[in-house]
$ cat start-v7.txt   # compact mmCIF, C-alpha atoms
# COMPACT_ATOMS: atom_id res chain seq x y z
CA MET A 1 56.03 47.14 -42.16
CA SER A 2 57.87 45.25 -39.42
CA GLU A 3 56.73 41.69 -38.78
CA ASN A 4 56.32 42.47 -35.06
CA VAL A 5 53.67 45.07 -35.71
CA VAL A 6 50.16 43.66 -35.33
CA PRO A 7 47.86 45.06 -38.01
CA TRP A 8 45.42 47.63 -36.64
CA SER A 9 42.44 45.81 -38.09
CA SER A 10 43.15 42.66 -36.08
CA ARG A 11 43.43 44.60 -32.79
CA VAL A 12 40.11 46.41 -33.10
CA GLY A 13 37.00 44.61 -31.90
CA PRO A 14 33.38 45.70 -32.51
CA TRP A 15 33.12 47.73 -29.27
CA GLN A 16 36.39 49.51 -30.01
CA ALA A 17 35.17 50.34 -33.48
CA ARG A 18 31.95 51.78 -32.04
CA VAL A 19 33.91 53.95 -29.61
CA GLY A 20 36.15 55.07 -32.46
CA ILE A 21 33.19 56.04 -34.63
CA ARG A 22 31.53 57.90 -31.72
CA ARG A 23 34.74 59.84 -31.11
CA ALA A 24 35.07 60.61 -34.82
CA VAL A 25 31.47 61.87 -34.96
CA ALA A 26 32.03 64.05 -31.87
CA LYS A 27 35.23 65.39 -33.41
CA ALA A 28 33.42 66.11 -36.66
CA ARG A 29 30.69 68.01 -34.80
CA GLU A 30 33.32 70.15 -33.10
CA SER A 31 35.37 70.63 -36.24
CA PHE A 32 32.61 71.63 -38.58
CA ASN A 33 30.48 74.65 -38.14
CA LEU A 34 27.23 72.88 -38.90
CA ALA A 35 25.25 75.98 -37.99
CA ASP A 36 26.06 77.47 -41.40
CA GLY A 37 24.57 74.47 -43.19
CA PRO A 38 20.91 74.01 -44.04
CA ALA A 39 18.66 74.40 -41.05
CA PRO A 40 16.54 71.43 -40.01
CA LEU A 41 12.91 71.37 -41.04
CA VAL A 42 11.11 73.80 -38.77
CA ARG A 43 7.50 74.72 -38.25
CA ARG A 44 6.81 77.84 -40.29
CA PRO A 45 3.93 80.30 -40.34
CA VAL A 46 1.57 79.64 -43.24
CA PRO A 47 2.61 81.94 -46.11
CA PRO A 48 0.10 84.06 -48.02
CA LEU A 49 -1.88 82.64 -50.90
CA THR A 50 -0.14 85.09 -53.20
CA PHE A 51 3.63 85.06 -53.06
CA ASP A 52 6.43 86.65 -55.07
CA GLY A 53 9.87 85.35 -54.15
CA LYS A 54 13.34 85.16 -55.66
CA ALA A 55 12.82 81.70 -57.14
CA LEU A 56 9.09 81.05 -56.94
CA ARG A 57 5.89 82.98 -57.19
CA TRP A 58 2.39 81.69 -56.81
CA LYS A 59 -1.17 82.92 -56.92
CA PRO A 60 -4.67 81.47 -56.81
CA VAL A 61 -6.49 81.40 -60.14
CA SER A 62 -10.27 81.14 -60.04
CA VAL A 63 -11.97 78.88 -62.53
CA GLY A 64 -15.50 78.57 -63.84
CA ASP A 65 -17.92 81.20 -62.61
CA ALA A 66 -15.35 82.92 -60.48
CA GLU A 67 -16.76 86.36 -61.03
CA GLN A 68 -20.22 85.28 -59.98
CA SER A 69 -19.37 83.18 -56.97
CA ALA A 70 -16.96 83.50 -54.10
CA GLN A 71 -17.20 79.72 -53.79
CA ALA A 72 -15.67 79.10 -57.22
CA PRO A 73 -12.82 76.62 -57.01
CA THR A 74 -9.28 77.86 -57.42
CA ILE A 75 -6.04 76.52 -58.81
CA LEU A 76 -2.77 77.37 -57.10
CA ASP A 77 -0.55 78.45 -59.99
CA VAL A 78 3.13 78.08 -59.06
CA GLU A 79 5.78 79.66 -61.27
CA LEU A 80 9.50 78.85 -61.18
CA HIS A 81 11.27 81.97 -62.43
CA ARG A 82 14.89 81.95 -61.29
CA THR A 83 17.48 82.18 -64.06
CA PRO A 84 19.47 80.54 -65.50
CA CYS A 85 17.28 77.45 -65.15
CA ASN A 86 15.58 77.30 -61.73
CA GLU A 87 18.47 75.49 -60.04
CA ILE A 88 17.52 74.21 -56.60
CA GLY A 89 19.80 75.80 -54.03
CA THR A 90 19.08 77.11 -50.56
CA THR A 91 17.04 80.10 -51.83
CA CYS A 92 14.79 77.92 -53.97
CA LEU A 93 14.53 75.31 -51.23
CA ASP A 94 13.49 77.92 -48.69
CA GLU A 95 10.65 79.07 -50.93
CA LEU A 96 9.67 75.50 -51.80
CA GLU A 97 9.36 74.91 -48.05
CA GLN A 98 7.02 77.85 -47.81
CA LEU A 99 4.96 76.38 -50.64
CA ALA A 100 4.88 73.02 -48.85
CA THR A 101 3.72 74.73 -45.67
CA LEU A 102 0.89 76.34 -47.61
CA VAL A 103 -0.07 73.02 -49.19
CA ARG A 104 0.01 71.24 -45.82
CA ALA A 105 -2.31 73.94 -44.48
CA GLY A 106 -4.83 73.21 -47.23
CA ALA A 107 -3.41 75.32 -50.08
CA GLY A 108 -5.81 78.13 -49.23
CA GLY A 109 -8.69 75.95 -50.38
CA ALA A 110 -7.23 75.49 -53.88
CA ARG A 111 -8.48 72.31 -55.52
CA ALA A 112 -5.50 71.82 -57.84
CA LEU A 113 -1.92 72.93 -58.16
CA VAL A 114 0.02 73.65 -61.34
CA VAL A 115 3.78 74.10 -61.31
CA HIS A 116 5.47 75.58 -64.37
CA SER A 117 8.53 77.55 -65.39
CA SER A 118 8.64 80.96 -67.01
CA VAL A 119 12.34 80.49 -67.76
CA LYS A 120 12.93 79.85 -71.45
CA ARG A 121 15.71 77.33 -70.89
CA GLY A 122 13.46 74.95 -69.11
CA PHE A 123 11.53 73.69 -66.15
CA CYS A 124 14.45 73.09 -63.80
CA ALA A 125 18.08 72.02 -64.27
CA GLY A 126 18.20 70.32 -60.86
CA ALA A 127 20.33 70.97 -57.82
CA ASP A 128 22.49 74.09 -57.82
CA LEU A 129 25.83 72.34 -58.40
CA ARG A 130 27.84 75.53 -58.03
CA GLU A 131 26.34 76.21 -54.60
CA LEU A 132 26.80 72.58 -53.65
CA TYR A 133 30.45 72.59 -54.65
CA GLU A 134 31.20 75.92 -52.97
CA GLY A 135 29.49 74.62 -49.83
CA LEU A 136 31.70 71.53 -49.83
CA ILE A 137 34.84 73.62 -50.30
CA ALA A 138 33.86 76.09 -47.58
CA ARG A 139 33.10 73.23 -45.22
CA GLY A 140 36.49 71.69 -45.92
CA GLN A 141 38.25 74.99 -45.25
CA ASN A 142 36.30 75.63 -42.03
CA ALA A 143 37.15 72.17 -40.80
CA GLY A 144 40.83 73.04 -40.48
CA PRO A 145 43.49 70.55 -39.43
CA ALA A 146 40.95 68.02 -38.15
CA ALA A 147 39.63 67.55 -41.64
CA THR A 148 43.00 67.28 -43.27
CA GLY A 149 44.08 64.78 -40.64
CA SER A 150 41.25 62.38 -41.09
CA GLY A 151 39.24 61.54 -44.19
CA LEU A 152 36.67 59.83 -41.98
CA VAL A 153 36.07 62.99 -39.96
CA GLN A 154 35.64 65.07 -43.09
CA ARG A 155 33.29 62.56 -44.65
CA LEU A 156 31.15 62.39 -41.52
CA GLY A 157 30.93 66.18 -41.39
CA THR A 158 29.89 66.36 -45.04
CA ALA A 159 27.30 63.65 -44.52
CA GLN A 160 25.79 65.56 -41.58
CA ALA A 161 25.48 68.75 -43.61
CA VAL A 162 24.06 67.01 -46.67
CA ARG A 163 21.49 65.14 -44.60
CA GLY A 164 20.03 68.43 -43.39
CA PHE A 165 19.49 69.61 -46.98
CA ILE A 166 18.19 66.25 -48.18
CA ASP A 167 15.75 65.90 -45.26
CA ARG A 168 14.33 69.30 -46.09
CA ILE A 169 13.95 68.67 -49.82
CA HIS A 170 12.37 65.26 -49.18
CA ALA A 171 9.88 66.82 -46.77
CA VAL A 172 8.86 69.32 -49.46
CA PHE A 173 8.64 66.79 -52.29
CA ASN A 174 6.74 64.30 -50.11
CA THR A 175 4.21 66.99 -49.27
CA LEU A 176 3.71 67.89 -52.92
CA ASP A 177 3.58 64.21 -53.89
CA MET A 178 0.87 63.31 -51.41
CA ALA A 179 -1.13 66.55 -51.37
CA PRO A 180 -4.83 65.56 -51.45
CA ILE A 181 -5.44 67.74 -54.51
CA THR A 182 -4.62 67.23 -58.17
CA THR A 183 -1.13 68.41 -59.05
CA VAL A 184 0.09 69.08 -62.57
CA ALA A 185 3.61 69.84 -63.81
CA ALA A 186 3.92 71.81 -67.05
CA VAL A 187 7.37 71.04 -68.41
CA ASN A 188 9.38 72.87 -71.06
CA GLY A 189 13.04 72.56 -72.00
CA VAL A 190 15.49 71.15 -69.51
CA CYS A 191 14.01 68.95 -66.80
CA PHE A 192 17.09 67.37 -65.25
CA GLY A 193 18.04 65.78 -61.95
CA GLY A 194 16.25 67.52 -59.10
CA GLY A 195 14.00 69.26 -61.61
CA PHE A 196 12.91 65.90 -63.00
CA GLU A 197 12.37 64.74 -59.43
CA LEU A 198 10.17 67.78 -58.77
CA ALA A 199 8.11 67.04 -61.89
CA LEU A 200 7.72 63.42 -60.76
CA THR A 201 5.91 64.55 -57.61
CA ALA A 202 3.06 65.77 -59.82
CA ASP A 203 0.05 63.58 -60.59
CA VAL A 204 0.12 64.53 -64.25
CA ILE A 205 2.99 65.79 -66.42
CA ILE A 206 2.24 67.92 -69.45
CA ALA A 207 5.28 68.55 -71.66
CA ASP A 208 5.86 70.71 -74.67
CA LYS A 209 8.03 69.47 -77.51
CA SER A 210 11.15 71.20 -76.20
CA ALA A 211 11.15 69.19 -72.93
CA ARG A 212 14.02 66.84 -72.10
CA PHE A 213 14.18 64.62 -69.03
CA ALA A 214 17.36 63.21 -67.51
CA PHE A 215 19.04 61.88 -64.40
CA PRO A 216 22.67 62.95 -64.99
CA GLU A 217 23.71 62.18 -61.39
CA LEU A 218 25.85 59.13 -62.20
CA ARG A 219 28.00 61.41 -64.34
CA LEU A 220 28.86 63.21 -61.11
CA GLY A 221 29.47 60.07 -59.09
CA LEU A 222 26.06 60.23 -57.44
CA VAL A 223 22.59 58.76 -57.55
CA PRO A 224 19.50 60.98 -57.69
CA GLY A 225 18.80 62.09 -54.14
CA PHE A 226 15.49 63.96 -54.19
CA GLY A 227 13.28 60.89 -54.52
CA GLY A 228 13.52 60.49 -58.28
CA ILE A 229 14.18 56.80 -58.67
CA PRO A 230 11.44 55.53 -56.32
CA ARG A 231 8.94 57.88 -57.94
CA LEU A 232 9.96 56.99 -61.48
CA ARG A 233 9.85 53.29 -60.62
CA ARG A 234 6.37 53.84 -59.31
CA ASP A 235 5.27 55.26 -62.65
CA LEU A 236 7.33 53.44 -65.30
CA GLY A 237 8.85 50.09 -66.14
CA ASN A 238 12.17 49.40 -64.51
CA ALA A 239 13.94 49.00 -67.86
CA VAL A 240 13.24 52.64 -68.75
CA VAL A 241 14.33 53.73 -65.28
CA ARG A 242 17.62 51.85 -65.59
CA ASP A 243 18.24 53.21 -69.09
CA LEU A 244 17.93 56.78 -67.83
CA LEU A 245 19.82 56.12 -64.61
CA MET A 246 22.69 53.98 -65.87
CA THR A 247 23.49 56.06 -68.96
CA GLY A 248 22.65 59.54 -67.67
CA ARG A 249 21.20 60.33 -71.09
CA SER A 250 18.32 62.67 -71.66
CA MET A 251 14.97 61.63 -73.07
CA GLY A 252 13.04 63.90 -75.40
CA ALA A 253 9.40 64.82 -74.83
CA ARG A 254 8.08 62.57 -77.59
CA ARG A 255 9.84 59.49 -76.22
CA ALA A 256 8.73 60.43 -72.70
CA TYR A 257 5.17 60.59 -74.00
CA GLU A 258 5.53 57.22 -75.72
CA VAL A 259 6.75 55.48 -72.55
CA GLY A 260 3.96 57.00 -70.47
CA LEU A 261 5.91 59.48 -68.39
CA VAL A 262 4.21 62.44 -70.05
CA SER A 263 0.41 62.49 -70.18
CA GLN A 264 0.01 65.08 -72.91
CA LEU A 265 2.52 66.28 -75.49
CA VAL A 266 1.81 69.79 -76.69
CA GLN A 267 3.31 72.44 -78.96
CA ARG A 268 6.18 74.59 -77.70
CA GLY A 269 5.01 77.23 -75.27
CA GLN A 270 1.64 75.57 -74.66
CA ALA A 271 2.39 73.36 -71.65
CA HIS A 272 1.23 75.84 -69.03
CA ALA A 273 -2.06 76.66 -70.77
CA VAL A 274 -2.86 72.97 -71.24
CA ALA A 275 -1.85 72.17 -67.64
CA MET A 276 -4.26 74.84 -66.40
CA ARG A 277 -7.07 73.22 -68.39
CA VAL A 278 -6.21 69.83 -66.88
CA ALA A 279 -6.28 71.40 -63.42
CA GLU A 280 -9.59 73.10 -64.19
CA GLN A 281 -11.11 69.77 -65.16
CA ALA A 282 -9.86 68.28 -61.87
CA THR A 283 -11.61 71.00 -59.85
CA ARG A 284 -14.99 69.86 -61.16
CA PHE A 285 -14.92 66.68 -59.06
CA ASP A 286 -15.78 66.21 -55.40
CA ALA A 287 -12.71 67.05 -53.28
CA GLN A 288 -13.00 63.97 -51.05
CA THR A 289 -13.40 61.69 -54.05
CA THR A 290 -10.26 63.15 -55.62
CA ALA A 291 -8.32 62.67 -52.39
CA HIS A 292 -9.46 59.03 -52.07
CA ALA A 293 -8.71 58.27 -55.72
CA LYS A 294 -5.25 59.78 -55.47
CA ARG A 295 -4.37 57.88 -52.31
CA PHE A 296 -5.47 54.66 -54.02
CA ALA A 297 -3.74 55.30 -57.37
CA LYS A 298 -0.52 56.87 -56.13
CA PRO A 299 1.20 54.78 -53.47
CA PHE A 300 3.87 56.50 -51.46
CA PRO A 301 7.21 54.62 -51.73
CA ARG A 302 8.33 55.47 -48.19
CA ALA A 303 10.89 52.69 -47.65
CA GLU A 304 12.57 53.22 -51.03
CA LEU A 305 12.73 56.97 -50.49
CA GLU A 306 14.52 56.43 -47.18
CA ARG A 307 16.98 53.99 -48.75
CA GLU A 308 17.68 56.40 -51.59
CA LYS A 309 18.30 59.21 -49.13
CA ASP A 310 20.83 57.14 -47.17
CA LEU A 311 22.61 56.04 -50.34
CA PHE A 312 22.81 59.61 -51.66
CA ILE A 313 24.25 60.93 -48.40
CA GLU A 314 26.79 58.13 -48.27
CA MET A 315 27.91 58.80 -51.84
CA MET A 316 27.97 62.56 -51.40
CA ALA A 317 30.87 62.18 -48.98
CA SER A 318 32.93 60.44 -51.67
CA PRO A 319 36.00 62.22 -53.09
CA VAL A 320 34.76 61.15 -56.52
CA VAL A 321 31.84 63.58 -56.19
CA GLU A 322 34.02 66.47 -55.14
CA ALA A 323 36.37 65.86 -58.06
CA ALA A 324 33.47 65.62 -60.55
CA LEU A 325 31.82 68.76 -59.18
CA LYS A 326 35.12 70.62 -59.30
CA ARG A 327 35.67 69.65 -62.91
CA PHE A 328 32.13 70.60 -63.88
CA VAL A 329 31.87 73.88 -61.95
CA GLU A 330 35.31 75.19 -62.80
CA SER A 331 35.02 74.37 -66.50
CA THR A 332 34.87 77.40 -68.78
CA ASP A 333 34.00 75.31 -71.82
CA VAL A 334 30.64 76.15 -73.40
CA ARG A 335 29.93 72.48 -73.14
CA PRO A 336 31.26 71.34 -69.75
CA TYR A 337 32.61 67.83 -69.90
CA LEU A 338 30.56 65.08 -68.37
CA PRO A 339 31.48 61.42 -68.82
CA MET B 1 32.93 54.93 -98.79
CA PRO B 2 31.00 55.88 -101.95
CA GLN B 3 28.41 58.59 -101.51
CA THR B 4 25.61 56.33 -102.72
CA ALA B 5 26.19 53.95 -99.84
CA ILE B 6 25.34 56.64 -97.38
CA GLN B 7 21.59 56.60 -97.42
CA THR B 8 19.41 58.17 -94.83
CA ALA B 9 15.68 58.05 -94.37
CA PHE B 10 14.43 61.53 -93.73
CA VAL B 11 11.11 62.70 -92.34
CA SER B 12 10.44 66.41 -92.61
CA THR B 13 9.50 68.46 -89.54
CA LYS B 14 6.44 69.85 -91.25
CA LEU B 15 3.31 67.93 -90.37
CA THR B 16 2.15 67.94 -93.99
CA GLU B 17 5.46 66.46 -95.04
CA ARG B 18 5.81 64.00 -92.17
CA GLN B 19 4.81 61.07 -94.35
CA THR B 20 7.20 62.10 -97.15
CA THR B 21 10.18 59.85 -96.62
CA HIS B 22 13.04 59.87 -99.06
CA ILE B 23 16.67 58.86 -99.18
CA MET B 24 19.30 61.49 -98.38
CA SER B 25 22.97 61.58 -99.16
CA LYS B 26 25.37 62.62 -96.46
CA ASP B 27 25.70 66.04 -98.06
CA GLU B 28 21.94 66.48 -98.01
CA LEU B 29 21.91 65.40 -94.38
CA ILE B 30 24.52 68.02 -93.50
CA GLU B 31 22.60 70.62 -95.47
CA ARG B 32 19.44 69.81 -93.53
CA LEU B 33 21.28 70.02 -90.20
CA ILE B 34 22.61 73.44 -91.17
CA GLU B 35 19.08 74.53 -92.09
CA LEU B 36 17.75 73.42 -88.72
CA ALA B 37 20.55 75.19 -86.85
CA ALA B 38 20.15 78.38 -88.87
CA LYS B 39 16.41 78.40 -88.23
CA ARG B 40 16.72 77.66 -84.52
CA PHE B 41 19.35 80.33 -83.84
CA LYS B 42 18.36 82.78 -86.57
CA ALA B 43 21.80 82.59 -88.16
CA PRO B 44 22.63 83.18 -91.84
CA LYS B 45 22.69 79.77 -93.44
CA GLU B 46 25.34 80.83 -95.97
CA GLU B 47 27.90 81.31 -93.23
CA LEU B 48 27.60 77.74 -91.98
CA GLU B 49 29.49 74.80 -93.45
CA GLY B 50 29.71 71.12 -92.72
CA SER B 51 33.02 71.62 -90.99
CA SER B 52 31.77 74.57 -88.91
CA ASP B 53 32.09 74.19 -85.17
CA PHE B 54 28.49 74.94 -84.27
CA PHE B 55 29.38 76.09 -80.75
CA ASP B 56 31.66 78.76 -82.19
CA ALA B 57 29.80 79.56 -85.40
CA LEU B 58 26.44 79.95 -83.67
CA ALA B 59 27.85 81.19 -80.35
CA ILE B 60 25.72 78.73 -78.43
CA ASP B 61 26.14 76.99 -75.08
CA SER B 62 25.31 73.47 -73.95
CA PHE B 63 21.66 74.35 -73.21
CA GLN B 64 21.19 75.67 -76.73
CA ALA B 65 23.00 72.67 -78.20
CA MET B 66 20.37 70.56 -76.48
CA GLU B 67 17.63 72.62 -78.14
CA LEU B 68 19.26 71.90 -81.48
CA MET B 69 19.35 68.19 -80.70
CA THR B 70 15.66 68.27 -79.81
CA ASP B 71 14.97 69.83 -83.21
CA VAL B 72 17.14 67.22 -84.92
CA GLU B 73 15.41 64.34 -83.15
CA GLU B 74 12.04 65.73 -84.11
CA ALA B 75 13.00 66.43 -87.71
CA PHE B 76 14.56 63.02 -88.35
CA ASP B 77 12.24 61.10 -86.06
CA VAL B 78 15.17 59.53 -84.23
CA GLU B 79 16.49 59.40 -80.69
CA VAL B 80 20.15 60.27 -80.16
CA PRO B 81 21.57 59.62 -76.67
CA ASP B 82 23.63 62.53 -75.33
CA TYR B 83 26.71 60.38 -74.74
CA GLU B 84 27.00 59.76 -78.49
CA LEU B 85 27.32 63.51 -78.95
CA GLN B 86 30.19 63.96 -76.53
CA GLY B 87 32.91 65.73 -78.46
CA VAL B 88 30.69 66.31 -81.50
CA ARG B 89 31.11 69.93 -82.55
CA THR B 90 30.65 70.01 -86.33
CA PHE B 91 27.69 69.34 -88.62
CA GLU B 92 29.73 66.67 -90.40
CA ALA B 93 30.37 64.80 -87.16
CA LEU B 94 26.74 65.15 -86.20
CA ALA B 95 25.71 63.69 -89.57
CA VAL B 96 27.93 60.67 -88.94
CA VAL B 97 26.20 60.04 -85.59
CA LEU B 98 22.80 60.43 -87.20
CA GLU B 99 23.54 57.99 -90.01
CA SER B 100 23.57 55.08 -87.61
CA ARG B 101 20.25 56.10 -86.12
CA VAL B 102 17.93 56.60 -89.05
$ encode --input "start-v7.txt" --output "structure tokens"
Amino acid sequence: MSENVVPWSSRVGPWQARVGIRRAVAKARESFNLADGPAPLVRRPVPPLTFDGKALRWKPVSVGDAEQSAQAPTILDVELHRTPCNEIGTTCLDELEQLATLVRAGAGGARALVVHSSVKRGFCAGADLRELYEGLIARGQNAGPAATGSGLVQRLGTAQAVRGFIDRIHAVFNTLDMAPITTVAAVNGVCFGGGFELALTADVIIADKSARFAFPELRLGLVPGFGGIPRLRRDLGNAVVRDLLMTGRSMGARRAYEVGLVSQLVQRGQAHAVAMRVAEQATRFDAQTTAHAKRFAKPFPRAELEREKDLFIEMMASPVVEAALKRFVESTDVRPYLP
Amino acid sequence: MPQTAIQTAFVSTKLTERQTTHIMSKDELIERLIELAAKRFKAPKEELEGSSDFFDALAIDSFQAMELMTDVEEAFDVEVPDYELQGVRTFEALAVVLESRV
């Protein structure tokens, strides 16, 4: 560089930087077709109490003297059934939003909610990484020359698109977390990343011996983004949280039971049946008392959730993530490499 | 390293045998791992050896490998972090990892 050239950084003041960022954001909005990304959270009609979708199905299950009385309490039994392992992509998210709408509208009078998986491999393997990666690639291609000309523009566009998805998933998980009824997660097999975060919204986790819990996000250059860390910190000691987060390792059901994450450890294939009995017990109490007790015993970590969301979105725009996703998704090895 | 130096405490998966702890040689450890894998994936035990690549021999994927690890952790009453298993593909290599844990 010639000595007569004044470095750019010394010529740019705060107001110039602000103008530059505004221009970059405007350029990103023009360059990226954000309409094809996740839609913002919208008001939806309340879905029926019985639902059969591509990723989820749910139905009310009467307990006690159901046959004798129309007033018998019900449990909303939610089944995750999308193979290979209930990955959370746009299809699953859309149906989770419908579930959240139902719960916000009073869950059809259900007094408890049980979420379980009928997929043998497990409860949920987390975010749909393939869809995420393909979305990133498609966005990059749609962006055209603007994206190739400026890393900042591309990163801002990615951040905008990711925020839409994250806002929606947080709205769903927050609704499930704070629903004024007893919620139970019945976990089998893989319960990773976003799946673990879904289980953590439940008041009680029942796990069978095949269950494994993990936050593998750091292996992909990310942090958990669906509210997992604040919710796990709420429930467990920080040393356990850091162990899971900083190593990305999985924790078996027995260890999860020992550290207090899992309330009941049951034989393989029994988690759902036991979870239904827990839910049935919860329906015997006064509804208002349950709601008060839950609000008191389960604080909502609002500020931490917001910070986690911002951090996740910021990291998602990193080239490290794209490279890690590419390596993982395009691998044909039976055991895809993760650091 | 002499075989006798490789000693492993072993707790059986069966509830009635859970309290029965005895010392295992490395060969016995490998044998037990093969038994667990054969049982989990309904494979003929005779066709598996210590040097067998269990991904190939059992035709399993990473999800199923995790199921096997859950069985191993339960059978040996140990916890094995996933990162220690990176690159482990044979029963012999798995036995080496387990030795430091039991």
$ closest_residue --input "start-v7.txt" --among "A:Pro319, A:Gly248, A:Pro299, A:Pro47" --to "Leu218 in chain A" --atoms "all atoms listed in the file"
A:Gly248
$ residues_near_point --input "start-v7.txt" --point "(11.0, 59.7, -60.0)" --cutoff "8 Å" --atoms "all atoms listed in the file" --output "list in words"
Phe196, Glu197, Leu200, Thr201, Gly227, Gly228, Ile229, Pro230, Arg231, Leu232, Arg233, Arg234 and Asp235 of chain A
$ residues_around --input "start-v7.txt" --residues "Thr70 in chain B" --least-positions-apart "5" --cutoff "9 Å" --atoms "only C-alpha atoms" --output "list in words"
Lys209, Ser210, Ala211, Arg212, Gly252 and Ala253 of chain A; Ala65, Ala75 and Glu79 of chain B
$ interface_residues --input "start-v7.txt" --of "chain A" --to "chain B" --cutoff "12 Å" --atoms "all atoms listed in the file" --output "PDB file with C-alpha atoms, in the frame of the given file"
ATOM      1  CA  PRO A  84      19.470  80.540 -65.500  1.00  0.00           C
ATOM      2  CA  CYS A  85      17.280  77.450 -65.150  1.00  0.00           C
ATOM      3  CA  LYS A 120      12.930  79.850 -71.450  1.00  0.00           C
ATOM      4  CA  ARG A 121      15.710  77.330 -70.890  1.00  0.00           C
ATOM      5  CA  GLY A 122      13.460  74.950 -69.110  1.00  0.00           C
ATOM      6  CA  CYS A 124      14.450  73.090 -63.800  1.00  0.00           C
ATOM      7  CA  ALA A 125      18.080  72.020 -64.270  1.00  0.00           C
ATOM      8  CA  ASN A 188       9.380  72.870 -71.060  1.00  0.00           C
ATOM      9  CA  GLY A 189      13.040  72.560 -72.000  1.00  0.00           C
ATOM     10  CA  VAL A 190      15.490  71.150 -69.510  1.00  0.00           C
ATOM     11  CA  CYS A 191      14.010  68.950 -66.800  1.00  0.00           C
ATOM     12  CA  PHE A 192      17.090  67.370 -65.250  1.00  0.00           C
ATOM     13  CA  ASP A 208       5.860  70.710 -74.670  1.00  0.00           C
ATOM     14  CA  LYS A 209       8.030  69.470 -77.510  1.00  0.00           C
ATOM     15  CA  SER A 210      11.150  71.200 -76.200  1.00  0.00           C
ATOM     16  CA  ALA A 211      11.150  69.190 -72.930  1.00  0.00           C
ATOM     17  CA  ARG A 212      14.020  66.840 -72.100  1.00  0.00           C
ATOM     18  CA  PHE A 213      14.180  64.620 -69.030  1.00  0.00           C
ATOM     19  CA  ALA A 214      17.360  63.210 -67.510  1.00  0.00           C
ATOM     20  CA  PHE A 215      19.040  61.880 -64.400  1.00  0.00           C
ATOM     21  CA  PRO A 216      22.670  62.950 -64.990  1.00  0.00           C
ATOM     22  CA  ARG A 219      28.000  61.410 -64.340  1.00  0.00           C
ATOM     23  CA  ASP A 243      18.240  53.210 -69.090  1.00  0.00           C
ATOM     24  CA  LEU A 244      17.930  56.780 -67.830  1.00  0.00           C
ATOM     25  CA  MET A 246      22.690  53.980 -65.870  1.00  0.00           C
ATOM     26  CA  THR A 247      23.490  56.060 -68.960  1.00  0.00           C
ATOM     27  CA  GLY A 248      22.650  59.540 -67.670  1.00  0.00           C
ATOM     28  CA  ARG A 249      21.200  60.330 -71.090  1.00  0.00           C
ATOM     29  CA  SER A 250      18.320  62.670 -71.660  1.00  0.00           C
ATOM     30  CA  MET A 251      14.970  61.630 -73.070  1.00  0.00           C
ATOM     31  CA  GLY A 252      13.040  63.900 -75.400  1.00  0.00           C
ATOM     32  CA  ALA A 253       9.400  64.820 -74.830  1.00  0.00           C
ATOM     33  CA  ARG A 254       8.080  62.570 -77.590  1.00  0.00           C
ATOM     34  CA  ARG A 255       9.840  59.490 -76.220  1.00  0.00           C
ATOM     35  CA  ALA A 256       8.730  60.430 -72.700  1.00  0.00           C
ATOM     36  CA  ARG A 268       6.180  74.590 -77.700  1.00  0.00           C
ATOM     37  CA  THR A 332      34.870  77.400 -68.780  1.00  0.00           C
ATOM     38  CA  ASP A 333      34.000  75.310 -71.820  1.00  0.00           C
ATOM     39  CA  VAL A 334      30.640  76.150 -73.400  1.00  0.00           C
ATOM     40  CA  ARG A 335      29.930  72.480 -73.140  1.00  0.00           C
ATOM     41  CA  PRO A 336      31.260  71.340 -69.750  1.00  0.00           C
ATOM     42  CA  TYR A 337      32.610  67.830 -69.900  1.00  0.00           C
ATOM     43  CA  LEU A 338      30.560  65.080 -68.370  1.00  0.00           C
ATOM     44  CA  PRO A 339      31.480  61.420 -68.820  1.00  0.00           C
TER      45      PRO A 339
END
$ closest_residue --input "start-v7.txt" --among "A:Tyr133, A:Phe165, A:Phe123, A:Phe296" --to "Gly225 in chain A" --atoms "all atoms listed in the file"
A:Phe165
$ atom_distance --input "start-v7.txt" --atom1 "CA of Arg168 in chain A" --atom2 "CA of Leu245 in chain A"
23.4 Å
$ closest_residue --input "start-v7.txt" --among "A:Ile75, A:Leu96, A:Ala179, A:Val115" --to "Ala291 in chain A" --atoms "only C-alpha atoms"
A:Ala179
$ residues_near_point --input "start-v7.txt" --point "(27.0, 65.0, -91.9)" --cutoff "7 Å" --atoms "all atoms listed in the file" --output "MDAnalysis selection string"
chainID B and resid 26:27 29:30 50 91:96
$ closest_residue --input "start-v7.txt" --among "A:Glu258, A:Asp77, A:Asp286, A:Asp310" --to "Pro224 in chain A" --atoms "only C-alpha atoms"
A:Asp310
$ atom_distance --input "start-v7.txt" --atom1 "CA of Thr91 in chain A" --atom2 "CA of Leu176 in chain A"
18.1 Å
$ closest_residue --input "start-v7.txt" --among "A:Arg43, A:Arg130, A:Lys309, A:Arg295" --to "Thr101 in chain A" --atoms "all atoms listed in the file"
A:Arg43
$ closest_residue --input "start-v7.txt" --among "A:Arg104, A:Thr74, A:Glu306, A:Val187" --to "Gln270 in chain A" --atoms "all atoms listed in the file"
A:Val187
$ residues_around --input "start-v7.txt" --residues "Val162 in chain A" --least-positions-apart "3" --cutoff "8 Å" --atoms "all atoms listed in the file" --output "MDAnalysis selection string"
chainID A and resid 158:159 165:166 313 316
$ atom_distance --input "start-v7.txt" --atom1 "CA of His116 in chain A" --atom2 "CA of Ala186 in chain A"
4.9 Å
